[in-house]
$ cat entry.txt   # compact mmCIF, C-alpha atoms (C1' of nucleotides)
# COMPACT_ATOMS: atom_id res chain seq x y z
CA MET A 1 159.76 -130.01 -102.98
CA PRO A 2 163.14 -131.39 -104.06
CA PRO A 3 165.73 -128.67 -103.80
CA PRO A 4 167.50 -127.45 -106.91
CA VAL A 5 170.58 -129.45 -107.66
CA GLN A 6 173.76 -127.62 -106.70
CA PRO A 7 175.27 -125.71 -109.58
CA ALA A 8 178.58 -126.96 -110.78
CA PRO A 9 181.81 -125.17 -109.97
CA CYS A 10 182.66 -124.87 -113.67
CA LYS A 11 182.36 -121.41 -115.13
CA HIS A 12 183.67 -121.15 -118.63
CA SER A 13 183.84 -124.49 -120.41
CA HIS A 14 187.63 -124.34 -120.37
CA SER A 15 190.60 -126.17 -119.08
CA HIS A 16 190.43 -124.76 -115.59
CA CYS A 17 187.24 -126.67 -114.95
CA ALA A 18 187.39 -129.78 -112.87
CA ASN A 19 186.85 -133.01 -114.77
CA VAL A 20 188.37 -131.81 -118.02
CA ASP A 21 189.39 -135.35 -118.73
CA LEU A 22 185.88 -136.67 -118.29
CA ILE A 23 184.47 -133.98 -120.49
CA GLU A 24 186.98 -134.71 -123.21
CA GLN A 25 186.11 -138.37 -122.99
CA ALA A 26 182.40 -137.65 -123.29
CA VAL A 27 182.84 -135.29 -126.22
CA GLU A 28 184.92 -137.95 -127.89
CA ARG A 29 182.22 -140.53 -127.43
CA CYS A 30 179.63 -138.17 -128.83
CA LYS A 31 181.71 -137.52 -131.89
CA ALA A 32 182.20 -141.24 -132.38
CA ALA A 33 178.46 -141.68 -132.07
CA GLY A 34 177.94 -139.28 -134.96
CA LEU A 35 176.65 -136.31 -132.99
CA ARG A 36 177.49 -132.86 -134.19
CA ARG A 37 179.58 -130.69 -131.97
CA THR A 38 177.09 -127.97 -131.13
CA ARG A 39 177.16 -125.43 -128.37
CA ALA A 40 174.13 -126.96 -126.73
CA LEU A 41 175.63 -130.43 -126.63
CA ASN A 42 178.80 -129.06 -125.15
CA ASP A 43 176.88 -127.23 -122.46
CA VAL A 44 174.77 -130.23 -121.54
CA LEU A 45 177.80 -132.45 -121.13
CA HIS A 46 179.55 -129.84 -119.02
CA ILE A 47 176.57 -129.31 -116.81
CA LEU A 48 175.94 -132.97 -116.14
CA ILE A 49 179.56 -133.81 -115.55
CA GLU A 50 180.32 -130.87 -113.32
CA ALA A 51 177.17 -131.43 -111.31
CA GLY A 52 178.31 -134.96 -110.56
CA GLN A 53 174.71 -135.70 -109.67
CA PRO A 54 171.58 -136.76 -111.46
CA MET A 55 169.69 -133.79 -112.87
CA THR A 56 166.24 -133.32 -114.29
CA LEU A 57 165.48 -131.84 -117.68
CA ALA A 58 164.41 -128.67 -115.90
CA ASP A 59 167.63 -128.57 -113.86
CA VAL A 60 169.70 -128.69 -117.01
CA THR A 61 167.57 -126.28 -118.98
CA GLU A 62 167.60 -123.69 -116.22
CA SER A 63 171.24 -124.09 -115.34
CA LYS A 64 173.17 -120.86 -115.58
CA HIS A 65 175.88 -122.86 -117.29
CA LEU A 66 173.67 -123.44 -120.29
CA HIS A 67 175.41 -120.61 -122.08
CA SER A 68 173.82 -121.41 -125.38
CA GLY A 69 170.43 -120.72 -123.86
CA ALA A 70 169.16 -123.86 -125.55
CA ASP A 71 165.48 -124.54 -125.55
CA ARG A 72 163.77 -127.17 -123.39
CA ALA A 73 162.95 -129.26 -126.46
CA THR A 74 166.51 -129.07 -127.64
CA VAL A 75 167.91 -130.17 -124.31
CA TYR A 76 165.30 -132.90 -124.17
CA ARG A 77 166.28 -134.24 -127.58
CA LEU A 78 169.92 -134.10 -126.66
CA LEU A 79 169.28 -136.08 -123.51
CA MET A 80 167.37 -138.68 -125.55
CA LYS A 81 170.19 -139.03 -128.03
CA LEU A 82 172.77 -139.30 -125.32
CA GLU A 83 170.71 -141.93 -123.59
CA GLU A 84 170.23 -143.97 -126.75
CA ARG A 85 173.95 -143.93 -127.25
CA GLY A 86 174.64 -145.01 -123.69
CA ILE A 87 176.42 -141.81 -122.79
CA LEU A 88 173.97 -141.04 -120.07
CA ARG A 89 171.28 -142.89 -118.25
CA ARG A 90 167.81 -142.01 -117.12
CA LEU A 91 167.07 -142.77 -113.51
CA GLY A 92 163.74 -143.21 -111.80
CA LEU A 93 164.33 -141.53 -108.50
CA HIS A 94 160.75 -141.11 -107.33
CA ASP A 95 160.40 -137.54 -108.23
CA ARG A 96 157.80 -136.84 -110.81
CA ALA A 97 160.51 -135.73 -113.17
CA ALA A 98 163.07 -138.09 -114.68
CA TYR A 99 166.70 -137.73 -113.70
CA TYR A 100 169.66 -138.04 -116.00
CA THR A 101 173.22 -138.86 -115.12
CA MET A 102 176.40 -139.45 -117.06
CA VAL A 103 177.62 -142.99 -117.57
CA PHE A 104 181.32 -143.72 -117.56
CA PRO A 105 182.52 -147.23 -118.28
CA GLY A 106 183.59 -148.93 -115.10
CA HIS A 107 181.89 -146.42 -112.85
CA HIS A 108 178.75 -147.10 -110.91
CA ASN A 109 176.79 -144.96 -108.48
CA ASP A 110 174.26 -145.71 -105.81
CA TYR A 111 172.13 -143.09 -104.13
CA LEU A 112 170.63 -142.19 -100.79
CA ILE A 113 167.47 -140.16 -101.10
CA CYS A 114 165.28 -138.40 -98.58
CA THR A 115 161.64 -139.20 -99.22
CA LYS A 116 160.57 -135.93 -97.68
CA CYS A 117 162.87 -133.18 -98.94
CA GLY A 118 164.06 -135.09 -101.99
CA LYS A 119 167.75 -134.56 -101.32
CA ILE A 120 169.90 -136.88 -103.40
CA GLN A 121 173.23 -138.00 -102.07
CA ARG A 122 175.71 -140.15 -103.91
CA LEU A 123 176.99 -143.06 -101.92
CA GLU A 124 180.64 -143.91 -101.76
CA ILE A 125 180.24 -147.62 -101.34
CA SER A 126 181.46 -150.64 -103.14
CA CYS A 127 178.28 -152.10 -104.43
CA PRO A 128 177.84 -155.78 -103.67
CA VAL A 129 175.47 -156.31 -106.53
CA GLU A 130 177.95 -156.78 -109.34
CA VAL A 131 178.30 -160.49 -108.78
CA LEU A 132 174.57 -160.93 -108.63
CA GLU A 133 174.24 -159.04 -111.86
CA LYS A 134 176.32 -161.49 -113.83
CA GLN A 135 174.36 -164.34 -112.36
CA ILE A 136 171.05 -162.79 -113.34
CA ALA A 137 172.27 -162.03 -116.83
CA LYS A 138 173.10 -165.68 -117.30
CA GLN A 139 169.84 -167.00 -115.87
CA SER A 140 167.48 -164.55 -117.50
CA GLY A 141 168.92 -164.22 -120.95
CA PHE A 142 168.77 -160.46 -120.67
CA THR A 143 171.51 -158.54 -122.43
CA GLY A 144 173.19 -155.25 -121.63
CA LEU A 145 172.32 -155.63 -117.99
CA TYR A 146 172.97 -152.88 -115.47
CA HIS A 147 171.43 -152.08 -112.16
CA GLU A 148 170.20 -149.28 -110.03
CA LEU A 149 170.34 -149.30 -106.29
CA GLU A 150 168.76 -146.61 -104.21
CA PHE A 151 168.24 -146.21 -100.51
CA PHE A 152 165.28 -144.20 -99.31
CA GLY A 153 164.49 -142.79 -95.90
CA LEU A 154 164.22 -139.60 -93.92
CA CYS A 155 167.35 -137.50 -93.70
CA PRO A 156 168.42 -136.21 -90.29
CA LYS A 157 166.78 -132.82 -90.86
CA CYS A 158 163.47 -134.33 -91.94
CA SER A 159 163.43 -137.04 -89.31
CA MET B 1 155.06 -149.35 -124.61
CA PRO B 2 155.04 -151.33 -121.39
CA PRO B 3 152.47 -154.10 -121.63
CA PRO B 4 149.52 -154.14 -119.28
CA VAL B 5 150.25 -155.91 -116.08
CA GLN B 6 148.78 -159.39 -115.95
CA PRO B 7 145.37 -159.47 -114.33
CA ALA B 8 145.18 -161.31 -111.07
CA PRO B 9 143.62 -164.75 -110.80
CA CYS B 10 141.23 -163.55 -108.10
CA LYS B 11 137.62 -163.21 -109.15
CA HIS B 12 135.26 -162.42 -106.35
CA SER B 13 137.00 -160.95 -103.31
CA HIS B 14 136.28 -164.12 -101.36
CA SER B 15 138.01 -166.90 -99.58
CA HIS B 16 138.77 -168.92 -102.69
CA CYS B 17 141.18 -166.27 -103.84
CA ALA B 18 144.86 -166.89 -103.44
CA ASN B 19 146.55 -164.78 -100.77
CA VAL B 20 143.52 -164.54 -98.52
CA ASP B 21 145.85 -164.29 -95.59
CA LEU B 22 147.76 -161.40 -97.08
CA ILE B 23 144.56 -159.60 -97.91
CA GLU B 24 143.24 -160.06 -94.40
CA GLN B 25 146.48 -158.75 -93.04
CA ALA B 26 146.34 -155.69 -95.26
CA VAL B 27 142.72 -154.95 -94.42
CA GLU B 28 143.64 -155.24 -90.78
CA ARG B 29 146.44 -152.77 -91.16
CA CYS B 30 144.16 -150.35 -92.95
CA LYS B 31 141.61 -150.55 -90.20
CA ALA B 32 144.30 -149.96 -87.60
CA ALA B 33 145.43 -146.95 -89.61
CA GLY B 34 141.95 -145.48 -89.36
CA LEU B 35 140.83 -146.01 -92.93
CA ARG B 36 137.18 -146.74 -93.59
CA ARG B 37 136.32 -150.09 -95.02
CA THR B 38 134.97 -149.04 -98.38
CA ARG B 39 134.42 -151.09 -101.49
CA ALA B 40 137.06 -149.15 -103.38
CA LEU B 41 139.70 -149.75 -100.72
CA ASN B 42 138.90 -153.42 -100.68
CA ASP B 43 139.20 -153.65 -104.45
CA VAL B 44 142.50 -151.81 -104.56
CA LEU B 45 144.04 -154.08 -101.95
CA HIS B 46 142.81 -157.15 -103.77
CA ILE B 47 144.08 -155.99 -107.10
CA LEU B 48 147.54 -155.11 -105.88
CA ILE B 49 147.96 -158.25 -103.82
CA GLU B 50 146.67 -160.64 -106.44
CA ALA B 51 148.76 -159.00 -109.13
CA GLY B 52 151.88 -159.67 -107.10
CA GLN B 53 153.54 -157.04 -109.20
CA PRO B 54 153.95 -153.29 -109.18
CA MET B 55 151.05 -151.56 -110.93
CA THR B 56 150.44 -148.04 -112.16
CA LEU B 57 147.48 -145.91 -111.20
CA ALA B 58 146.03 -146.62 -114.64
CA ASP B 59 146.56 -150.37 -114.25
CA VAL B 60 144.59 -150.38 -111.03
CA THR B 61 141.87 -148.05 -112.24
CA GLU B 62 141.30 -150.06 -115.40
CA SER B 63 141.50 -153.45 -113.76
CA LYS B 64 138.40 -155.53 -114.31
CA HIS B 65 138.66 -156.45 -110.66
CA LEU B 66 137.85 -152.92 -109.63
CA HIS B 67 134.25 -153.96 -109.08
CA SER B 68 133.33 -150.73 -107.40
CA GLY B 69 134.15 -148.89 -110.61
CA ALA B 70 135.99 -146.33 -108.53
CA ASP B 71 137.17 -143.18 -110.19
CA ARG B 72 140.80 -142.40 -111.03
CA ALA B 73 140.92 -139.67 -108.40
CA THR B 74 139.53 -142.01 -105.80
CA VAL B 75 142.05 -144.71 -106.55
CA TYR B 76 144.77 -142.10 -106.59
CA ARG B 77 143.80 -140.84 -103.17
CA LEU B 78 143.63 -144.34 -101.82
CA LEU B 79 147.08 -145.10 -103.11
CA MET B 80 148.37 -141.93 -101.46
CA LYS B 81 146.84 -142.84 -98.14
CA LEU B 82 148.16 -146.36 -98.31
CA GLU B 83 151.59 -145.07 -99.13
CA GLU B 84 151.58 -142.59 -96.26
CA ARG B 85 150.66 -145.40 -93.92
CA GLY B 86 153.41 -147.64 -95.24
CA ILE B 87 151.00 -150.22 -96.59
CA LEU B 88 152.27 -149.82 -100.06
CA ARG B 89 155.24 -148.20 -101.70
CA ARG B 90 155.71 -146.13 -104.77
CA LEU B 91 158.47 -147.30 -107.08
CA GLY B 92 160.34 -145.40 -109.74
CA LEU B 93 160.64 -147.97 -112.48
CA HIS B 94 161.52 -145.69 -115.38
CA ASP B 95 158.14 -145.60 -116.91
CA ARG B 96 156.62 -142.18 -117.01
CA ALA B 97 153.95 -143.41 -114.66
CA ALA B 98 154.60 -144.28 -111.03
CA TYR B 99 154.29 -147.87 -109.89
CA TYR B 100 152.78 -149.03 -106.64
CA THR B 101 153.36 -152.26 -104.83
CA MET B 102 152.26 -153.73 -101.53
CA VAL B 103 154.66 -153.78 -98.62
CA PHE B 104 154.67 -156.68 -96.22
CA PRO B 105 156.96 -156.59 -93.22
CA GLY B 106 159.92 -158.84 -93.75
CA HIS B 107 159.40 -159.13 -97.48
CA HIS B 108 161.53 -157.45 -100.08
CA ASN B 109 161.43 -157.55 -103.84
CA ASP B 110 163.91 -156.78 -106.53
CA TYR B 111 163.04 -156.43 -110.19
CA LEU B 112 164.36 -157.17 -113.63
CA ILE B 113 163.03 -154.77 -116.23
CA CYS B 114 163.31 -154.68 -120.00
CA THR B 115 164.22 -151.19 -121.13
CA LYS B 116 162.54 -151.76 -124.47
CA CYS B 117 159.21 -153.50 -123.87
CA GLY B 118 158.94 -152.49 -120.24
CA LYS B 119 158.27 -155.98 -118.95
CA ILE B 120 158.70 -156.20 -115.20
CA GLN B 121 159.82 -159.44 -113.63
CA ARG B 122 160.15 -160.07 -109.94
CA LEU B 123 163.43 -161.62 -108.95
CA GLU B 124 163.62 -164.54 -106.61
CA ILE B 125 166.95 -163.69 -105.11
CA SER B 126 168.25 -163.14 -101.67
CA CYS B 127 169.26 -159.55 -101.80
CA PRO B 128 172.78 -158.88 -100.58
CA VAL B 129 172.02 -155.30 -99.74
CA GLU B 130 170.45 -155.74 -96.33
CA VAL B 131 173.77 -155.62 -94.51
CA LEU B 132 174.81 -152.55 -96.40
CA GLU B 133 171.54 -150.90 -95.53
CA LYS B 134 172.14 -151.08 -91.80
CA GLN B 135 175.61 -149.71 -92.29
CA ILE B 136 174.34 -146.78 -94.31
CA ALA B 137 171.59 -146.06 -91.81
CA LYS B 138 174.19 -145.76 -89.09
CA GLN B 139 176.59 -143.60 -91.07
CA SER B 140 174.08 -141.27 -92.63
CA GLY B 141 171.70 -140.68 -89.77
CA PHE B 142 168.77 -141.41 -92.08
CA THR B 143 165.78 -143.09 -90.47
CA GLY B 144 163.26 -145.54 -91.85
CA LEU B 145 165.70 -146.71 -94.45
CA TYR B 146 164.71 -149.13 -97.20
CA HIS B 147 166.12 -149.78 -100.60
CA GLU B 148 165.18 -150.46 -104.16
CA LEU B 149 167.24 -152.59 -106.46
CA GLU B 150 166.42 -152.93 -110.12
CA PHE B 151 168.20 -154.57 -112.97
CA PHE B 152 167.68 -153.17 -116.44
CA GLY B 153 168.51 -154.61 -119.81
CA LEU B 154 167.01 -156.06 -122.95
CA CYS B 155 164.89 -159.16 -122.51
CA PRO B 156 165.53 -162.11 -124.82
CA LYS B 157 162.70 -161.10 -127.15
CA CYS B 158 163.88 -157.51 -127.46
CA SER B 159 167.56 -158.35 -127.71
C1' DA C 1 125.30 -136.59 -87.04
C1' DT C 2 129.74 -136.13 -88.41
C1' DA C 3 133.71 -136.69 -90.74
C1' DC C 4 135.81 -139.17 -94.18
C1' DA C 5 135.32 -141.02 -98.98
C1' DT C 6 133.77 -140.44 -103.74
C1' DG C 7 132.84 -138.50 -108.47
C1' DC C 8 133.36 -135.29 -111.79
C1' DA C 9 135.75 -131.82 -113.91
C1' DA C 10 139.33 -128.84 -114.19
C1' DA C 11 144.23 -127.39 -113.22
C1' DC C 12 149.09 -128.76 -113.28
C1' DA C 13 153.58 -130.50 -114.35
C1' DT C 14 156.32 -132.76 -117.37
C1' DT C 15 157.26 -134.93 -121.54
C1' DT C 16 156.92 -135.31 -126.41
C1' DT C 17 156.03 -133.91 -131.23
C1' DG C 18 155.44 -130.97 -135.71
C1' DC C 19 157.22 -127.83 -138.45
C1' DT C 20 160.19 -124.16 -139.92
C1' DT C 21 164.74 -122.16 -139.66
C1' DT C 22 169.63 -122.43 -138.57
C1' DG C 23 174.19 -124.16 -138.74
C1' DG C 24 177.82 -128.09 -138.67
C1' DC C 25 180.32 -130.75 -141.77
C1' DG D 1 174.51 -127.93 -150.23
C1' DC D 2 172.72 -131.44 -147.34
C1' DC D 3 171.09 -133.29 -143.33
C1' DA D 4 171.15 -133.00 -138.37
C1' DA D 5 170.11 -129.75 -134.73
C1' DA D 6 167.60 -125.82 -132.76
C1' DG D 7 163.60 -122.91 -131.73
C1' DC D 8 158.92 -122.13 -131.01
C1' DA D 9 154.54 -123.53 -130.03
C1' DA D 10 151.19 -126.86 -129.33
C1' DA D 11 149.67 -131.68 -128.11
C1' DA D 12 149.94 -135.59 -125.21
C1' DT D 13 150.37 -137.94 -120.89
C1' DG D 14 150.03 -138.53 -116.17
C1' DT D 15 149.27 -136.40 -111.61
C1' DT D 16 146.84 -133.59 -108.39
C1' DT D 17 143.14 -130.62 -106.51
C1' DG D 18 138.37 -128.21 -105.65
C1' DC D 19 134.00 -128.76 -104.63
C1' DA D 20 129.48 -130.78 -104.16
C1' DT D 21 127.51 -135.22 -102.82
C1' DG D 22 127.36 -139.82 -100.75
C1' DT D 23 128.30 -143.06 -97.01
C1' DA D 24 130.79 -145.57 -93.10
C1' DT D 25 131.01 -145.20 -88.37

$ encode --input "entry.txt" --output "structure tokens"
Amino acid sequence: MPPPVQPAPCKHSHSHCANVDLIEQAVERCKAAGLRRTRALNDVLHILIEAGQPMTLADVTESKHLHSGADRATVYRLLMKLEERGILRRLGLHDRAAYYTMVFPGHHNDYLICTKCGKIQRLEISCPVEVLEKQIAKQSGFTGLYHELEFFGLCPKCS
Amino acid sequence: MPPPVQPAPCKHSHSHCANVDLIEQAVERCKAAGLRRTRALNDVLHILIEAGQPMTLADVTESKHLHSGADRATVYRLLMKLEERGILRRLGLHDRAAYYTMVFPGHHNDYLICTKCGKIQRLEISCPVEVLEKQIAKQSGFTGLYHELEFFGLCPKCS
DNA sequence: ATACATGCAAACATTTTGCTTTGGC
DNA sequence: GCCAAAGCAAAATGTTTGCATGTAT
């Protein structure tokens, strides 16, 4: 029963969109990673960035901003490639479907999620886990460490 | 490719198992919640508690400790009921399958997960998020708040 | 005796792949 | 022109449900 993610304010993939800078940065990283500049890739980046929220494969595929009309399999493969290249990250947010969200160096997001209606809210907090993370990296020998922190509960409406 | 979760040391659902106290406590809570004391329920509790780790539906169903030989659907329904009653919790650990883990009042676990081989390791840390949680509960109006904290990266073998 | 629990089989939802065609470089 | 990307359709995986039967209380 999770509600559809809010559509992004962006309408035409042009400079009057919000987050132009972020989009440019992402496109740049894709190019550097050897991806071809296709319409579908462009759309997916736009959609995820403008949404500013984790989205499922279905969310992206059905977004009205997917002007290329790219196929589910195409979007899926794009998401995979972007994940492999560290441009986005897959999150396990309890829904049956996987969620994807953009990764920008130096940025980190935590979420507050209603276990009943599935609403996902980004938290504006300074996460106290960073320190811990370095410590764990050292002790465990894991590399490329990052973390996910989610709070679950019933939102006011569902309470 | 996540490896099968390690089987528990418990062999016969009796007092020489480790964690007898925890099992008793869980059984008690189930009874209080109005669940019938069936063989399948008993097995599921044992398996999850002795494993001391999150397990998938398949892990539980295929466990050699599922002496009752209960069906996938049965185990599934048990897990649902236990979740609804707060006796266990479903975790989103990035695998396609959902993970389930026992909940004991006053206990909290964080995990370290290899994004390549899927190995799940419980962390023995004092989680710095508790304070934050109370703060968020107050600000957001959410009730029944709890959190999940996971660290992801490549384990030494996969690095 | 009654209501809840189980088993089996089938329906679903979502992800993932194979193969041919298209299009970026 | 060559190889990556896209499109279409089907397979794979994991979850969930319907219904007849068994069993705890």

$ atom_distance --input "entry.txt" --atom1 "CA of Phe152 (chain A)" --atom2 "CA of Glu62 (chain B)"
29.5 Å

$ closest_atom_pairs --input "entry.txt" --of "chain C" --to "chain A" --cutoff "12 Å" --atoms "only C-alpha atoms (C1' of nucleotides)" --output "tab-separated table"
residue	atom	partner	partner_atom	distance
C:DA13	C1'	A:Arg96	CA	8.4
C:DT14	C1'	A:Ala97	CA	6.6
C:DT15	C1'	A:Tyr76	CA	8.7
C:DT16	C1'	A:Ala73	CA	8.5
C:DT17	C1'	A:Ala73	CA	9.6
C:DT22	C1'	A:Thr38	CA	11.9
C:DG23	C1'	A:Thr38	CA	9.0
C:DG24	C1'	A:Arg36	CA	6.6
C:DC25	C1'	A:Arg36	CA	8.4

$ residues_around --input "entry.txt" --residues "DA3 (chain C)" --least-positions-apart "3" --cutoff "12 Å" --atoms "only C-alpha atoms (C1' of nucleotides)" --output "mmCIF file with C-alpha atoms (C1' of nucleotides), in the frame of the given file"
data_model
loop_
_atom_site.group_PDB
_atom_site.id
_atom_site.type_symbol
_atom_site.label_atom_id
_atom_site.label_comp_id
_atom_site.auth_asym_id
_atom_site.auth_seq_id
_atom_site.Cartn_x
_atom_site.Cartn_y
_atom_site.Cartn_z
ATOM 1 C CA LEU B 35 140.830 -146.010 -92.930
ATOM 2 C CA ARG B 36 137.180 -146.740 -93.590
ATOM 3 C "C1'" DT D 23 128.300 -143.060 -97.010
ATOM 4 C "C1'" DA D 24 130.790 -145.570 -93.100
ATOM 5 C "C1'" DT D 25 131.010 -145.200 -88.370
#

$ residues_around --input "entry.txt" --residues "Met55 (chain B)" --least-positions-apart "2" --cutoff "12 Å" --atoms "all atoms listed in the file" --output "number ranges by chain"
B: 2-8, 44-45, 47-53, 57-63, 79, 88-93, 95, 97-102, 119-120

$ interface_residues --input "entry.txt" --of "chain A" --to "chain D" --cutoff "8 Å" --atoms "only C-alpha atoms (C1' of nucleotides)" --output "list in words"
Arg36, Ala70, Asp71 and Thr74 of chain A

$ residues_around --input "entry.txt" --residues "Gly141 (chain B)" --least-positions-apart "2" --cutoff "8 Å" --atoms "only C-alpha atoms (C1' of nucleotides)" --output "mmCIF file with C-alpha atoms, in the coordinates of the input"
data_model
loop_
_atom_site.group_PDB
_atom_site.id
_atom_site.type_symbol
_atom_site.label_atom_id
_atom_site.label_comp_id
_atom_site.auth_asym_id
_atom_site.auth_seq_id
_atom_site.Cartn_x
_atom_site.Cartn_y
_atom_site.Cartn_z
ATOM 1 C CA CYS A 155 167.350 -137.500 -93.700
ATOM 2 C CA PRO A 156 168.420 -136.210 -90.290
ATOM 3 C CA ALA B 137 171.590 -146.060 -91.810
ATOM 4 C CA LYS B 138 174.190 -145.760 -89.090
ATOM 5 C CA GLN B 139 176.590 -143.600 -91.070
ATOM 6 C CA THR B 143 165.780 -143.090 -90.470
#

$ atom_distance --input "entry.txt" --atom1 "CA of Lys157 (chain A)" --atom2 "CA of Ile125 (chain A)"
22.6 Å

$ atom_distance --input "entry.txt" --atom1 "CA of Lys81 (chain A)" --atom2 "CA of Leu112 (chain A)"
27.4 Å

$ closest_residue --input "entry.txt" --among "B:Ile87, B:Val129, B:Leu123, B:Cys158" --to "Phe142 (chain A)" --atoms "all atoms listed in the file"
B:Cys158

$ residues_around --input "entry.txt" --residues "His147 (chain A)" --least-positions-apart "6" --cutoff "12 Å" --atoms "only C-alpha atoms (C1' of nucleotides)" --output "ChimeraX atom specification"
/A:89-92,107-110,127-134,136-137 /B:93,110-115,148-153
